[in-house]
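Asks: Got a structure for you, model_7.pdb, holding PDB, C-alpha atoms, pLDDT in the B column.
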ATOM      1  CA  MET J  26      -9.739 -17.016  10.099  1.00 55.00           C
ATOM      2  CA  THR J  27     -11.900 -13.935  10.394  1.00 57.00           C
ATOM      3  CA  GLY J  28     -10.536 -10.457   9.643  1.00 64.00           C
ATOM      4  CA  VAL J  29     -10.074  -9.717  13.359  1.00 68.00           C
ATOM      5  CA  GLU J  30      -8.090 -12.947  13.980  1.00 80.00           C
ATOM      6  CA  GLN J  31      -5.540 -12.209  11.230  1.00 93.00           C
ATOM      7  CA  PRO J  32      -2.341 -10.176  11.781  1.00 96.00           C
ATOM      8  CA  PHE J  33      -3.115  -6.472  12.153  1.00 98.00           C
ATOM      9  CA  LEU J  34      -2.836  -4.174   9.103  1.00 97.00           C
ATOM     10  CA  LEU J  35      -3.946  -0.548   8.700  1.00 97.00           C
ATOM     11  CA  VAL J  36      -3.549   1.397   5.442  1.00 96.00           C
ATOM     12  CA  VAL J  37      -2.367   4.954   6.196  1.00 96.00           C
ATOM     13  CA  GLU J  38      -4.541   7.478   4.326  1.00 95.00           C
ATOM     14  CA  ASP J  39      -3.733  10.691   6.265  1.00 94.00           C
ATOM     15  CA  VAL J  40      -1.117  11.821   8.759  1.00 94.00           C
ATOM     16  CA  PHE J  41      -1.586  14.613  11.330  1.00 91.00           C
ATOM     17  CA  VAL J  42       0.746  16.152  13.898  1.00 88.00           C
ATOM     18  CA  ARG J  43      -0.763  16.278  17.395  1.00 82.00           C
ATOM     19  CA  HIS J  44       0.181  17.741  20.783  1.00 75.00           C
ATOM     20  CA  GLN J  45       2.763  20.238  19.443  1.00 76.00           C
ATOM     21  CA  GLY J  46       4.665  17.498  17.632  1.00 74.00           C
ATOM     22  CA  ARG J  47       4.799  15.004  20.498  1.00 84.00           C
ATOM     23  CA  ALA J  48       2.500  12.588  18.640  1.00 86.00           C
ATOM     24  CA  ILE J  49       1.683  11.616  15.083  1.00 93.00           C
ATOM     25  CA  ALA J  50      -1.849  10.478  14.183  1.00 93.00           C
ATOM     26  CA  ALA J  51      -1.814   7.949  11.343  1.00 95.00           C
ATOM     27  CA  ALA J  52      -5.398   7.687  10.097  1.00 95.00           C
ATOM     28  CA  GLY J  53      -6.890   5.034   7.866  1.00 96.00           C
ATOM     29  CA  ALA J  54      -8.901   1.861   7.530  1.00 95.00           C
ATOM     30  CA  ILE J  55      -8.023  -1.337   9.374  1.00 97.00           C
ATOM     31  CA  VAL J  56      -7.950  -4.086   6.750  1.00 96.00           C
ATOM     32  CA  ARG J  57      -7.527  -6.961   9.199  1.00 96.00           C
ATOM     33  CA  GLY J  58      -6.629  -7.806  12.767  1.00 97.00           C
ATOM     34  CA  TRP J  59      -7.032  -5.993  16.071  1.00 97.00           C
ATOM     35  CA  VAL J  60      -4.925  -3.368  17.823  1.00 97.00           C
ATOM     36  CA  ARG J  61      -4.841  -1.881  21.337  1.00 97.00           C
ATOM     37  CA  PRO J  62      -2.891   0.974  22.921  1.00 97.00           C
ATOM     38  CA  GLY J  63       0.556  -0.258  23.946  1.00 97.00           C
ATOM     39  CA  ALA J  64       0.811  -2.689  21.019  1.00 97.00           C
ATOM     40  CA  GLU J  65       3.891  -2.624  18.815  1.00 97.00           C
ATOM     41  CA  VAL J  66       3.285  -2.003  15.107  1.00 97.00           C
ATOM     42  CA  GLU J  67       5.685  -1.898  12.206  1.00 97.00           C
ATOM     43  CA  ILE J  68       5.698   1.039   9.774  1.00 96.00           C
ATOM     44  CA  VAL J  69       6.058  -0.672   6.374  1.00 96.00           C
ATOM     45  CA  GLY J  70       6.515   1.115   3.068  1.00 91.00           C
ATOM     46  CA  SER J  71      10.070   2.362   2.875  1.00 79.00           C
ATOM     47  CA  ASP J  72      13.519   0.835   2.530  1.00 73.00           C
ATOM     48  CA  ARG J  73      13.826   0.490   6.309  1.00 81.00           C
ATOM     49  CA  ASN J  74      10.865  -0.674   8.387  1.00 85.00           C
ATOM     50  CA  VAL J  75      10.570   0.712  11.929  1.00 92.00           C
ATOM     51  CA  THR J  76       8.674  -0.726  14.916  1.00 95.00           C
ATOM     52  CA  VAL J  77       6.880   1.739  17.224  1.00 96.00           C
ATOM     53  CA  GLN J  78       4.395   1.550  20.094  1.00 96.00           C
ATOM     54  CA  VAL J  79       0.782   2.679  19.719  1.00 97.00           C
ATOM     55  CA  VAL J  80       0.231   5.521  22.224  1.00 95.00           C
ATOM     56  CA  GLY J  81      -3.546   5.729  21.742  1.00 94.00           C
ATOM     57  CA  ILE J  82      -6.425   5.117  19.325  1.00 96.00           C
ATOM     58  CA  ASP J  83      -9.017   7.646  18.186  1.00 94.00           C
ATOM     59  CA  ALA J  84     -12.241   6.563  16.492  1.00 92.00           C
ATOM     60  CA  ALA J  85     -13.036   8.362  13.235  1.00 79.00           C
ATOM     61  CA  GLY J  86     -16.228  10.367  12.994  1.00 70.00           C
ATOM     62  CA  PRO J  87     -17.688  13.823  13.538  1.00 66.00           C
ATOM     63  CA  ARG J  88     -16.431  13.799  17.136  1.00 71.00           C
ATOM     64  CA  THR J  89     -13.057  12.272  17.943  1.00 73.00           C
ATOM     65  CA  ALA J  90     -13.285   9.719  20.752  1.00 86.00           C
ATOM     66  CA  ARG J  91     -10.455   7.791  22.419  1.00 90.00           C
ATOM     67  CA  ILE J  92     -11.117   4.030  22.329  1.00 93.00           C
ATOM     68  CA  ASP J  93      -9.506   0.966  23.963  1.00 95.00           C
ATOM     69  CA  GLY J  94      -9.148  -1.110  20.807  1.00 95.00           C
ATOM     70  CA  ALA J  95     -10.026  -1.306  17.127  1.00 96.00           C
ATOM     71  CA  GLY J  96     -10.438  -4.055  14.569  1.00 95.00           C
ATOM     72  CA  ALA J  97     -10.995  -4.932  10.935  1.00 95.00           C
ATOM     73  CA  GLY J  98     -13.402  -2.640   9.097  1.00 94.00           C
ATOM     74  CA  MET J  99     -12.949   0.353  11.407  1.00 95.00           C
ATOM     75  CA  ASN J 100     -11.599   3.783  10.408  1.00 95.00           C
ATOM     76  CA  VAL J 101      -9.314   5.063  13.149  1.00 96.00           C
ATOM     77  CA  ALA J 102      -6.273   7.202  13.888  1.00 95.00           C
ATOM     78  CA  LEU J 103      -3.408   5.486  15.676  1.00 96.00           C
ATOM     79  CA  LEU J 104      -1.382   7.862  17.833  1.00 95.00           C
ATOM     80  CA  LEU J 105       2.340   7.173  17.457  1.00 95.00           C
ATOM     81  CA  PRO J 106       5.462   8.824  18.918  1.00 92.00           C
ATOM     82  CA  GLY J 107       6.155  12.197  17.270  1.00 84.00           C
ATOM     83  CA  THR J 108       9.642  11.078  16.250  1.00 83.00           C
ATOM     84  CA  CYS J 109       8.448   8.403  13.809  1.00 87.00           C
ATOM     85  CA  ALA J 110       8.303   8.903  10.038  1.00 90.00           C
ATOM     86  CA  VAL J 111       5.005   7.744   8.550  1.00 93.00           C
ATOM     87  CA  GLU J 112       3.222   8.917   5.409  1.00 92.00           C
ATOM     88  CA  ARG J 113       0.229   8.254   3.181  1.00 93.00           C
ATOM     89  CA  GLY J 114       0.671   4.929   1.407  1.00 92.00           C
ATOM     90  CA  HIS J 115       2.541   3.244   4.258  1.00 95.00           C
ATOM     91  CA  VAL J 116       0.890   0.485   6.264  1.00 96.00           C
ATOM     92  CA  LEU J 117       1.000  -0.172   9.989  1.00 97.00           C
ATOM     93  CA  ALA J 118       1.135  -3.884  10.675  1.00 97.00           C
ATOM     94  CA  THR J 119       1.946  -6.637  13.141  1.00 97.00           C
ATOM     95  CA  PRO J 120       5.768  -6.740  13.082  1.00 97.00           C
ATOM     96  CA  GLY J 121       7.076  -9.202  10.480  1.00 95.00           C
ATOM     97  CA  SER J 122       3.667  -9.888   8.911  1.00 96.00           C
ATOM     98  CA  ILE J 123       4.223  -7.968   5.632  1.00 95.00           C
ATOM     99  CA  GLY J 124       7.301  -6.776   3.756  1.00 93.00           C
ATOM    100  CA  ALA J 125       8.217  -3.802   1.591  1.00 94.00           C
ATOM    101  CA  HIS J 126       9.444  -4.513  -1.953  1.00 95.00           C
ATOM    102  CA  ARG J 127      10.658  -2.559  -4.970  1.00 95.00           C
ATOM    103  CA  THR J 128      10.434  -5.414  -7.491  1.00 97.00           C
ATOM    104  CA  PHE J 129       7.616  -7.922  -7.916  1.00 98.00           C
ATOM    105  CA  GLY J 130       5.922 -10.189 -10.445  1.00 97.00           C
ATOM    106  CA  ALA J 131       2.408  -9.310 -11.551  1.00 97.00           C
ATOM    107  CA  GLU J 132      -0.292 -10.046 -14.059  1.00 97.00           C
ATOM    108  CA  ILE J 133      -1.394  -6.770 -15.627  1.00 96.00           C
ATOM    109  CA  ALA J 134      -4.185  -5.947 -18.072  1.00 95.00           C
ATOM    110  CA  VAL J 135      -4.401  -2.808 -20.206  1.00 95.00           C
ATOM    111  CA  LEU J 136      -7.810  -1.147 -20.596  1.00 95.00           C
ATOM    112  CA  PRO J 137      -9.536  -1.456 -23.983  1.00 95.00           C
ATOM    113  CA  GLU J 138      -9.167   1.534 -26.329  1.00 90.00           C
ATOM    114  CA  ASN J 139     -12.815   2.551 -25.853  1.00 90.00           C
ATOM    115  CA  GLN J 140     -12.077   2.938 -22.110  1.00 89.00           C
ATOM    116  CA  GLY J 141      -8.955   5.019 -22.656  1.00 81.00           C
ATOM    117  CA  GLY J 142      -6.407   2.223 -22.905  1.00 82.00           C
ATOM    118  CA  SER J 143      -3.306   2.730 -25.019  1.00 83.00           C
ATOM    119  CA  GLU J 144      -0.210   0.709 -25.849  1.00 85.00           C
ATOM    120  CA  ALA J 145       2.177   0.153 -22.923  1.00 86.00           C
ATOM    121  CA  PRO J 146       5.707  -0.141 -24.355  1.00 88.00           C
ATOM    122  CA  ALA J 147       8.407  -2.035 -22.450  1.00 87.00           C
ATOM    123  CA  GLY J 148      10.393   0.309 -20.215  1.00 88.00           C
ATOM    124  CA  ASP J 149       7.695   3.007 -20.158  1.00 88.00           C
ATOM    125  CA  HIS J 150       7.286   4.804 -16.809  1.00 92.00           C
ATOM    126  CA  LEU J 151       3.879   4.229 -15.204  1.00 94.00           C
ATOM    127  CA  ALA J 152       2.270   5.482 -11.999  1.00 95.00           C
ATOM    128  CA  PHE J 153       1.213   2.555  -9.811  1.00 96.00           C
ATOM    129  CA  CYS J 154      -1.681   3.147  -7.394  1.00 96.00           C
ATOM    130  CA  ILE J 155      -1.060   0.707  -4.562  1.00 95.00           C
ATOM    131  CA  ARG J 156      -3.478   0.921  -1.624  1.00 92.00           C
ATOM    132  CA  SER J 157      -3.639   4.624  -0.705  1.00 90.00           C
ATOM    133  CA  GLY J 158      -0.294   5.611  -2.254  1.00 90.00           C
ATOM    134  CA  ALA J 159       1.128   6.151  -5.721  1.00 92.00           C
ATOM    135  CA  VAL J 160       4.650   5.383  -6.897  1.00 95.00           C
ATOM    136  CA  ARG J 161       6.338   5.474 -10.305  1.00 96.00           C
ATOM    137  CA  GLY J 162       7.737   2.308 -11.802  1.00 96.00           C
ATOM    138  CA  VAL J 163       8.759   0.462 -14.942  1.00 96.00           C
ATOM    139  CA  VAL J 164       7.310  -2.751 -16.404  1.00 95.00           C
ATOM    140  CA  THR J 165       9.529  -5.449 -17.925  1.00 95.00           C
ATOM    141  CA  LEU J 166       7.478  -7.428 -20.452  1.00 95.00           C
ATOM    142  CA  PRO J 167       8.020 -11.137 -21.241  1.00 93.00           C
ATOM    143  CA  ALA J 168      10.891 -12.027 -23.570  1.00 91.00           C
ATOM    144  CA  GLY J 169      10.083 -11.204 -27.193  1.00 90.00           C
ATOM    145  CA  MET J 170       7.311  -8.742 -26.311  1.00 93.00           C
ATOM    146  CA  ASP J 171       8.009  -5.046 -26.961  1.00 93.00           C
ATOM    147  CA  VAL J 172       4.572  -3.603 -26.231  1.00 93.00           C
ATOM    148  CA  LEU J 173       1.378  -4.584 -24.423  1.00 93.00           C
ATOM    149  CA  HIS J 174      -1.654  -3.632 -26.518  1.00 92.00           C
ATOM    150  CA  PRO J 175      -5.048  -2.387 -25.253  1.00 93.00           C
ATOM    151  CA  ALA J 176      -7.384  -5.122 -23.950  1.00 94.00           C
ATOM    152  CA  HIS J 177      -4.435  -7.530 -23.532  1.00 94.00           C
ATOM    153  CA  ALA J 178      -2.805  -8.987 -20.417  1.00 95.00           C
ATOM    154  CA  ALA J 179       0.620 -10.378 -19.581  1.00 96.00           C
ATOM    155  CA  GLN J 180       2.776 -11.694 -16.756  1.00 96.00           C
ATOM    156  CA  VAL J 181       5.376  -8.971 -16.109  1.00 96.00           C
ATOM    157  CA  THR J 182       8.006  -7.790 -13.659  1.00 96.00           C
ATOM    158  CA  VAL J 183       7.454  -4.376 -12.063  1.00 96.00           C
ATOM    159  CA  THR J 184      10.318  -2.306 -10.651  1.00 97.00           C
ATOM    160  CA  LEU J 185       9.257   0.633  -8.473  1.00 96.00           C
ATOM    161  CA  GLU J 186      11.226   3.787  -7.628  1.00 95.00           C
ATOM    162  CA  ARG J 187      10.834   3.047  -3.912  1.00 93.00           C
ATOM    163  CA  SER J 188       9.748   0.174  -1.702  1.00 93.00           C
ATOM    164  CA  VAL J 189       6.082  -0.307  -0.819  1.00 94.00           C
ATOM    165  CA  ALA J 190       4.205  -2.833   1.336  1.00 95.00           C
ATOM    166  CA  LEU J 191       3.116  -5.715  -0.906  1.00 96.00           C
ATOM    167  CA  GLU J 192       1.438  -9.114  -0.606  1.00 95.00           C
ATOM    168  CA  VAL J 193       0.775 -11.833  -3.168  1.00 97.00           C
ATOM    169  CA  GLY J 194      -2.800 -11.484  -4.449  1.00 97.00           C
ATOM    170  CA  GLN J 195      -2.908  -7.725  -3.849  1.00 96.00           C
ATOM    171  CA  ASP J 196      -4.690  -5.701  -6.526  1.00 97.00           C
ATOM    172  CA  PHE J 197      -3.442  -2.384  -7.910  1.00 97.00           C
ATOM    173  CA  ALA J 198      -4.135   0.050 -10.739  1.00 96.00           C
ATOM    174  CA  PHE J 199      -1.734   1.947 -12.965  1.00 95.00           C
ATOM    175  CA  ARG J 200      -1.787   5.177 -14.943  1.00 93.00           C
ATOM    176  CA  ARG J 201       0.130   6.210 -18.062  1.00 90.00           C
ATOM    177  CA  ARG J 202       0.722   9.870 -18.883  1.00 87.00           C
ATOM    178  CA  GLY J 203      -1.824  10.931 -16.261  1.00 87.00           C
ATOM    179  CA  ARG J 204      -4.642   8.689 -17.521  1.00 89.00           C
ATOM    180  CA  ALA J 205      -6.034   5.415 -16.197  1.00 91.00           C
ATOM    181  CA  ALA J 206      -4.301   2.668 -18.174  1.00 93.00           C
ATOM    182  CA  GLY J 207      -5.062  -0.661 -16.526  1.00 95.00           C
ATOM    183  CA  SER J 208      -4.944  -2.863 -13.459  1.00 96.00           C
ATOM    184  CA  GLY J 209      -3.000  -5.764 -12.079  1.00 97.00           C
ATOM    185  CA  ARG J 210      -2.453  -8.260  -9.297  1.00 98.00           C
ATOM    186  CA  VAL J 211       0.753  -9.153  -7.462  1.00 98.00           C
ATOM    187  CA  THR J 212       1.680 -12.761  -8.300  1.00 98.00           C
ATOM    188  CA  ARG J 213       5.257 -13.093  -7.026  1.00 97.00           C
ATOM    189  CA  LEU J 214       7.505 -11.436  -4.436  1.00 96.00           C
ATOM    190  CA  PRO J 215      11.286 -11.845  -4.230  1.00 89.00           C
ATOM    191  CA  GLY J 216      12.571 -14.122  -1.507  1.00 75.00           C
ATOM    192  CA  THR J 217       9.156 -15.502  -0.558  1.00 61.00           C
ATOM    193  CA  GLY J 218       9.074 -18.594  -2.753  1.00 52.00           C
ATOM    194  CA  THR J 219       5.772 -17.477  -4.282  1.00 52.00           C
TER
END
Rewrite the coordinates I just gave you, this time as structure tokens.
Replies:
Amino acid sequence: MTGVEQPFLLVVEDVFVRHQGRAIAAAGAIVRGWVRPGAEVEIVGSDRNVTVQVVGIDAAGPRTARIDGAGAGMNVALLLPGTCAVERGHVLATPGSIGAHRTFGAEIAVLPENQGGSEAPAGDHLAFCIRSGAVRGVVTLPAGMDVLHPAHAAQVTVTLERSVALEVGQDFAFRRRGRAAGSGRVTRLPGTGT
């Protein structure tokens, strides 16, 4: 399947209020799929997902232009009803195609010391950079492991402070005490059998 044939997903990078609050413009890059005005999309990235209708689509660029549809690889702003709550880090997606999770399994790797990596103790709070958002979380290391050393990797469980849109195979980065610390990949989501 090509990117346009897959279920729609846009990563929200900026949010603007339009028309005196009657519309919200959620701007970002379309990762996959196709969307048209009138389509229903799900706002994913909080504890309660909400489905809304796309009011219009504006193409990104030096001059805003209203367009009839947009697909994978395009940067656009989807106009949504002004009553909806959407923020940077959320995704807009085909309803039911992606879920929001607070806990997930991942393989993480800590940067080497010469690249700024430092020990990552079990239970330490880290900042996870997932798509265009950042959220704090805690890593549970495998049984018998108290610390993950620089230039090492491990299969871990991550528990975030709030739900975010996640898929198996999704890459992310993490920071410790304000500095880049390492990267990871989602390997397991609860309730999905993977």
Asks: Between J:Ala97, J:Val116, J:Val75, J:Leu191, which residue has the minimum interatomic distance to Gly58 of chain J, considering only C-alpha atoms?
Replies: J:Ala97
Asks: For segment 40-93 of chain J against segment 100-104 of chain J, with a cut-off of 6 Å and counting all atoms listed in the file, what is the closest atom pair and its distance in Å to one decimal for every residue that makes the cut, ordered by chain and number, as a Markdown table?
Replies:
| residue | atom | partner | partner_atom | distance |
| --- | --- | --- | --- | --- |
| J:Ile49 | CA | J:Leu104 | CA | 5.6 |
| J:Ala50 | CA | J:Leu104 | CA | 4.5 |
| J:Ala51 | CA | J:Ala102 | CA | 5.2 |
| J:Ala52 | CA | J:Ala102 | CA | 3.9 |
| J:Gly53 | CA | J:Asn100 | CA | 5.5 |
| J:Ala54 | CA | J:Asn100 | CA | 4.4 |
| J:Val79 | CA | J:Leu104 | CA | 5.9 |
| J:Val80 | CA | J:Leu104 | CA | 5.2 |
| J:Gly81 | CA | J:Leu104 | CA | 5.0 |
| J:Ile82 | CA | J:Leu103 | CA | 4.7 |
| J:Asp83 | CA | J:Ala102 | CA | 5.1 |
| J:Ala84 | CA | J:Val101 | CA | 4.7 |
| J:Ala85 | CA | J:Val101 | CA | 5.0 |
Asks: List as CSV every residue of segment 88-203 of chain J that is in contact with segment 70-74 of chain J, defined as an atom at most 6 Å from one of its atoms (using all atoms listed in the file), together with the nearest atom pair and the distance in Å rounded to one decimal, sorted by chain and then rising number.
Replies:
residue,atom,partner,partner_atom,distance
J:His115,CA,J:Gly70,CA,4.7
J:Ala125,CA,J:Gly70,CA,5.4
J:Ser188,CA,J:Ser71,CA,5.1
J:Val189,CA,J:Gly70,CA,4.2
J:Ala190,CA,J:Gly70,CA,4.9
Asks: Can you tell me, as number ranges by chain, which residues sit within 12 Å of (-0.5, 0.5, 21.3) in the file's frame, using all atoms listed in the file?
Replies: J: 33, 59-67, 76-83, 92-95, 102-106, 117-119
Asks: What does the distance from atom CA of Arg202 of chain J to atom CA of Val37 of chain J come to in Å, to one decimal?
Replies: 25.7 Å
Asks: Dig up all the protein and nucleic acid residues within 12 Å of (-4.7, -11.6, -2.5) in the file frame, using only C-alpha atoms, and format them as a ChimeraX atom specification.
Replies: /J:131,191-197,209-213
Asks: Could you tell me which residues the PyMOL selection byres ((chain J and resi 150) around 10) returns for this structure, as a PyMOL selection string?
Replies: chain J and resi 145-149+151-153+161-164+184-185+200-202
Asks: Nearest to Arg113 of chain J: which of J:Thr165, J:Arg156, J:Gly216, J:Arg204 is it, counting only C-alpha atoms?
Replies: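 The closest residue to Arg113 of chain J is J:Arg156.
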Asks: For a test of reading the model, state the distance in Å between atom CA of Leu173 of chain J and atom CA of Glu138 of chain J, rounded to one decimal.
Replies: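 Atom-to-atom, atom CA of Leu173 of chain J to atom CA of Glu138 of chain J, that is 12.3 Å.
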Asks: Just how far from atom CA of Ala178 of chain J is atom CA of Ser208 of chain J, in Å to one decimal?
Replies: 9.5 Å
